[in-house]
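K.L.:
Dropping a structure here in structure tokens format, bear with me for questions.
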Amino acid sequence: MTTTAFVFPGQGSQRVGMGRELVTRWPHLLDAYYRPADELLGLPLSELCWEGPADTLADTAFTQPAILLTSVATLDVLLRNGVRPTLVAGHSLGEYAALVAAEVLDWRDALRLVRLRGRLMAAVNERVPGRMAAVMGLDLRTVEGLCAAVRELSGQVVEVANDNEFAQTVVSGQAEAVDELITAARAAGATRALALKVGAPFHSSLMAPVEEEFTEALLRTEFRDPAVPVISAVTAAPVTSAAEVVDTLRRQLTGRVRWTESVTRLAGEGTDHILEVGPGKVLSGLCRRIAPDVPAHTTHDGDHVVRALELLAGAEGPVGSVTTV
């Protein structure tokens, strides 16, 4: 039996037009997801996904529900056509879509949570201006050492936020400290070190002020035990109960994304294929570098969804006209 891991992307994978091809090929998605999402949140999320503008779509408060909605719609097409995950994982925000795939969360509850999560995370930046930066060409231990040195000299916060792959690390913290880290990384031999266009210092201790309010929202939400194994990127280990899921989602706000370890764990479970479910293709690229022996595929547009169906479901004929109800 083929073992397929579904992985779900996080912020940064958004693009204007995402999901539009899905609705063209699979019209049931409009009434099943897009219109209900607009009504649930009280904003034109569908229009934002399909038409932009790009600067609004890049706003954290809108980006997070938009990516989740696109990922969940893509997931629906896969499931209806017989492609099901053996295990799942998500990168930061993507963990919510992974929990939908594992039947832990109803997609509507996930949408509400990520809308709140995005708004709270963006609000942090209004109180303590921060930023994130990507460092390429240095290993994790070196970047951790640079963060410690900058913290000691500046007295400001800069921490590892994402361990994305063996030679790509993202840092997060106060703006001045992150700028100093960029300079230090370049001096240490980084092939690239650059600030990212994100709305707040995600996955750092600066997010602690919103943890209590978000935890209250988590506790008001119904979670179920996973129907398929979920590898949490907070711990790079399986979460096996609803209570454990709530705890990892709480910790996710301030904790780093352990993506290298998580993908290594997926590969170690005997995974035959990794399928990135949702917009973008960055995550599948990271997976190929972490676990080069496991083929990684994307679903970032309608054609790639069809290819995934043909590969993983053995579909025959025009897949775009398969069951839609």
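For the structure tokens, the naming scheme is as follows: chains receive sequential letters (A, B, ...) according to their order of presentation, residues are indexed from 1 within each chain, and ligands are indexed from 1 in presentation order.
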Please produce, as a tab-separated table, a per-residue contact table for segment 114-230 of chain A versus segment 263-268 of chain A (criterion: any atom at most 10 Å away, only C-alpha atoms considered), showing the nearest atom pair and its distance in Å to one decimal, sorted by chain then residue number.
P.N.:
```
residue	atom	partner	partner_atom	distance
A:Asn164	CA	A:Val263	CA	9.6
A:Glu165	CA	A:Val263	CA	9.1
A:Val230	CA	A:Leu266	CA	9.8
```
K.L.:
Write out, as a Markdown table, each residue of segment 213-292 of chain A that has an atom at most 8 Å from segment 92-95 of chain A, together with the closest pair of atoms and their distance in Å to one decimal, counting only C-alpha atoms, rows going by chain and rising number.
P.N.:
```
| residue | atom | partner | partner_atom | distance |
| --- | --- | --- | --- | --- |
| A:Ser232 | CA | A:Glu95 | CA | 7.2 |
| A:Ala233 | CA | A:Ser92 | CA | 7.1 |
| A:Gln252 | CA | A:Ser92 | CA | 7.3 |
| A:Val257 | CA | A:Ser92 | CA | 6.4 |
```
K.L.:
Next, the residues of the selection above should be written as a short mmCIF file (atom, residue, chain, number, x, y, z; two decimals), in the first residue's frame with N, CA and C atoms.
P.N.:
```
data_model
loop_
_atom_site.label_atom_id
_atom_site.label_comp_id
_atom_site.auth_asym_id
_atom_site.auth_seq_id
_atom_site.Cartn_x
_atom_site.Cartn_y
_atom_site.Cartn_z
N SER A 232 3.21 17.05 14.85
CA SER A 232 3.20 18.47 15.18
C SER A 232 4.57 19.07 14.94
N ALA A 233 4.61 20.20 14.24
CA ALA A 233 5.88 20.86 13.99
C ALA A 233 6.40 21.58 15.23
N GLN A 252 2.51 26.86 19.98
CA GLN A 252 2.97 27.22 18.64
C GLN A 252 3.19 28.72 18.48
N VAL A 257 9.17 26.52 14.72
CA VAL A 257 8.68 25.49 13.80
C VAL A 257 9.84 24.54 13.51
#
```
K.L.:
Write out as a list in words the residues lying within 9 Å of Gly82 of chain A, counting only C-alpha atoms and excluding same-chain residues fewer than 2 positions away.
P.N.:
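My reading of the contact set: Val77, Leu78, Leu79, Arg80, Arg84, Leu309, Leu312 and Ala313 of chain A.
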K.L.:
The selected residues should be written to file as an mmCIF file, in the first residue's frame (atoms: N, CA and C atoms).
P.N.:
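Writing the result to again30.cif gives the following:
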```
data_model
loop_
_atom_site.group_PDB
_atom_site.id
_atom_site.type_symbol
_atom_site.label_atom_id
_atom_site.label_comp_id
_atom_site.auth_asym_id
_atom_site.auth_seq_id
_atom_site.Cartn_x
_atom_site.Cartn_y
_atom_site.Cartn_z
ATOM 1 N N VAL A 77 -11.043 18.127 -2.682
ATOM 2 C CA VAL A 77 -10.933 17.506 -4.012
ATOM 3 C C VAL A 77 -10.152 16.200 -3.925
ATOM 4 N N LEU A 78 -9.073 16.200 -3.175
ATOM 5 C CA LEU A 78 -8.264 14.988 -3.044
ATOM 6 C C LEU A 78 -9.067 13.867 -2.388
ATOM 7 N N LEU A 79 -9.726 14.188 -1.280
ATOM 8 C CA LEU A 79 -10.464 13.164 -0.549
ATOM 9 C C LEU A 79 -11.612 12.597 -1.376
ATOM 10 N N ARG A 80 -12.322 13.456 -2.104
ATOM 11 C CA ARG A 80 -13.451 12.993 -2.904
ATOM 12 C C ARG A 80 -13.022 12.080 -4.043
ATOM 13 N N ARG A 84 -6.095 9.819 0.049
ATOM 14 C CA ARG A 84 -6.195 10.061 1.486
ATOM 15 C C ARG A 84 -4.822 9.962 2.136
ATOM 16 N N LEU A 309 -3.794 13.628 -8.499
ATOM 17 C CA LEU A 309 -4.851 12.615 -8.542
ATOM 18 C C LEU A 309 -4.473 11.462 -9.465
ATOM 19 N N LEU A 312 -1.576 9.481 -7.573
ATOM 20 C CA LEU A 312 -1.839 8.844 -6.294
ATOM 21 C C LEU A 312 -3.154 8.087 -6.231
ATOM 22 N N ALA A 313 -4.083 8.427 -7.135
ATOM 23 C CA ALA A 313 -5.352 7.696 -7.151
ATOM 24 C C ALA A 313 -5.458 6.781 -8.357
#
```
K.L.:
Taking into account only C-alpha atoms, which residue in the set A:Ala175, A:Phe8, A:Asp106, A:Val170 is nearest to Gly137 of chain A?
P.N.:
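For Gly137 of chain A, the nearest of the given residues is A:Val170.
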K.L.:
Using only C-alpha atoms, I'd like a table of the residues in segment 152-239 of chain A that come within 12 Å of segment 57-64 of chain A; for each, show the closest atom pair and its distance in Å rounded to one decimal, ordered by chain and ascending number, as a tab-separated table.
P.N.:
```
residue	atom	partner	partner_atom	distance
A:Leu196	CA	A:Ala58	CA	11.8
A:Lys197	CA	A:Ala58	CA	8.5
A:Val198	CA	A:Thr60	CA	7.4
A:Gly199	CA	A:Thr60	CA	5.9
A:Ala200	CA	A:Thr60	CA	8.2
A:Pro201	CA	A:Thr60	CA	11.3
A:Phe202	CA	A:Thr60	CA	10.4
```
K.L.:
Go through A:Ile274, A:Met132, A:Val114, A:Val88 one by one, measure the shortest atom-to-atom distance of each to Thr2 of chain A using only C-alpha atoms, and give the residue with the smallest value.
P.N.:
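When distances to Thr2 of chain A are compared using only C-alpha atoms, the smallest one comes from A:Ile274.
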K.L.:
Using backbone DSSP assignments, extract all alpha helix (DSSP H) residues from segment 30-172 of chain A; output them as number ranges by chain.
P.N.:
A: 35-41, 45-51, 54-57, 60-80, 94-101, 107-127, 140-154
K.L.:
What does the distance from atom CA of Gly302 of chain A to atom CA of Gly42 of chain A come to in Å, to one decimal?
P.N.:
27.1 Å
K.L.:
Taking into account only C-alpha atoms, which residue in the set A:Ala161, A:Leu283, A:Leu29, A:Ala236 is nearest to Leu75 of chain A?
P.N.:
A:Leu29
K.L.:
Identify which of the residues A:Leu286, A:Val150, A:Ala308, A:Leu105 lies closest to Leu218 of chain A, counting only C-alpha atoms when measuring atom-to-atom distances.
P.N.:
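Using only C-alpha atoms, Leu218 of chain A sits closest to A:Leu105.
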K.L.:
Excluding same-chain residues fewer than 2 positions from Ala227 of chain A, what lies within 9 Å of it counting only C-alpha atoms, as a PyMOL selection string?
P.N.:
chain A and resi 101-104+224-225+229-230
K.L.:
List the neighbours of Glu211 of chain A out to 9 Å using only C-alpha atoms; skip same-chain residues closer than 4 positions along the sequence, and give me the result as a list in words.
P.N.:
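Once the nearby chain positions are removed, what remains is Leu120, Met207, Thr215, Glu216, Arg250, Arg251, Leu253 and Thr254 of chain A.
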K.L.:
Among segment 179-254 of chain A, which residues does DSSP mark as strand (DSSP E) when it is run on the backbone? Keep the chain and numbering as in the structure and answer as a VMD selection string.
P.N.:
chain A and resid 192 to 195 230 to 232 237 to 239
K.L.:
Using only C-alpha atoms, determine which residues lie at most 7 Å from segment 51-56 of chain A, disregarding the query and same-chain residues fewer than 3 positions distant; provide the list as a PyMOL selection string.
P.N.:
chain A and resi 16-17+47-48+59
K.L.:
Point out the residue among A:Arg220, A:Pro209, A:His91, A:Gln14 with the least atom-to-atom distance to Ala123 of chain A, counting only C-alpha atoms.
P.N.:
A:Pro209
K.L.:
Could you list, as a CSV table (one decimal) with N, CA, C and O atoms, in the first residue's frame, every residue within 9 Å of Val158 of chain A, counting only C-alpha atoms and ignoring same-chain residues fewer than 6 positions away?
P.N.:
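Listed below is the output, part_27.csv:
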```
chain,number,residue,atom,x,y,z
A,132,MET,N,11.1,39.4,10.9
A,132,MET,CA,11.7,38.1,10.7
A,132,MET,C,12.7,38.2,9.6
A,132,MET,O,12.6,39.1,8.7
A,147,CYS,N,22.3,34.3,17.3
A,147,CYS,CA,21.1,34.9,18.1
A,147,CYS,C,21.5,35.2,19.5
A,147,CYS,O,21.2,36.3,20.0
A,148,ALA,N,22.2,34.3,20.1
A,148,ALA,CA,22.6,34.5,21.5
A,148,ALA,C,23.6,35.7,21.7
A,148,ALA,O,23.5,36.5,22.6
A,150,VAL,N,23.8,38.3,19.6
A,150,VAL,CA,23.1,39.6,19.4
A,150,VAL,C,22.3,39.9,20.6
A,150,VAL,O,22.2,41.1,21.0
A,151,ARG,N,21.6,39.0,21.2
A,151,ARG,CA,20.8,39.2,22.4
A,151,ARG,C,21.7,39.8,23.5
A,151,ARG,O,21.3,40.7,24.2
A,171,VAL,N,14.8,33.7,11.6
A,171,VAL,CA,14.8,34.2,12.9
A,171,VAL,C,13.7,35.3,13.1
A,171,VAL,O,13.2,35.8,12.1
A,172,SER,N,13.4,35.6,14.4
A,172,SER,CA,12.3,36.5,14.6
A,172,SER,C,12.6,37.3,15.9
A,172,SER,O,13.3,36.8,16.8
A,173,GLY,N,12.2,38.5,15.9
A,173,GLY,CA,12.4,39.3,17.1
A,173,GLY,C,12.2,40.8,16.9
A,173,GLY,O,11.6,41.2,15.9
A,174,GLN,N,12.8,41.6,17.8
A,174,GLN,CA,12.7,43.1,17.6
A,174,GLN,C,13.5,43.5,16.4
A,174,GLN,O,14.5,42.9,16.1
A,175,ALA,N,12.9,44.6,15.8
A,175,ALA,CA,13.5,44.9,14.5
A,175,ALA,C,15.0,45.2,14.5
A,175,ALA,O,15.7,44.7,13.6
A,177,ALA,N,17.3,44.2,16.6
A,177,ALA,CA,18.1,43.0,16.8
A,177,ALA,C,18.1,42.1,15.6
A,177,ALA,O,19.1,41.4,15.3
A,178,VAL,N,17.0,42.0,14.9
A,178,VAL,CA,17.0,41.2,13.6
A,178,VAL,C,17.9,41.8,12.6
A,178,VAL,O,18.6,41.0,11.9
A,181,LEU,N,21.3,40.8,13.5
A,181,LEU,CA,21.5,39.4,13.2
A,181,LEU,C,21.8,39.2,11.7
A,181,LEU,O,22.7,38.3,11.4
A,204,SER,N,8.1,33.8,18.3
A,204,SER,CA,9.1,34.3,19.2
A,204,SER,C,8.4,34.6,20.6
A,204,SER,O,7.2,34.6,20.6
A,205,SER,N,9.2,34.8,21.6
A,205,SER,CA,8.7,35.1,22.9
A,205,SER,C,7.9,36.4,22.9
A,205,SER,O,7.1,36.7,23.8
```
K.L.:
For Tyr96 of chain A, which of A:Pro36, A:Gly10, A:Gly130, A:Gly280 is the closest residue, counting only C-alpha atoms?
P.N.:
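Under the stated criterion, the closest residue is A:Gly10.
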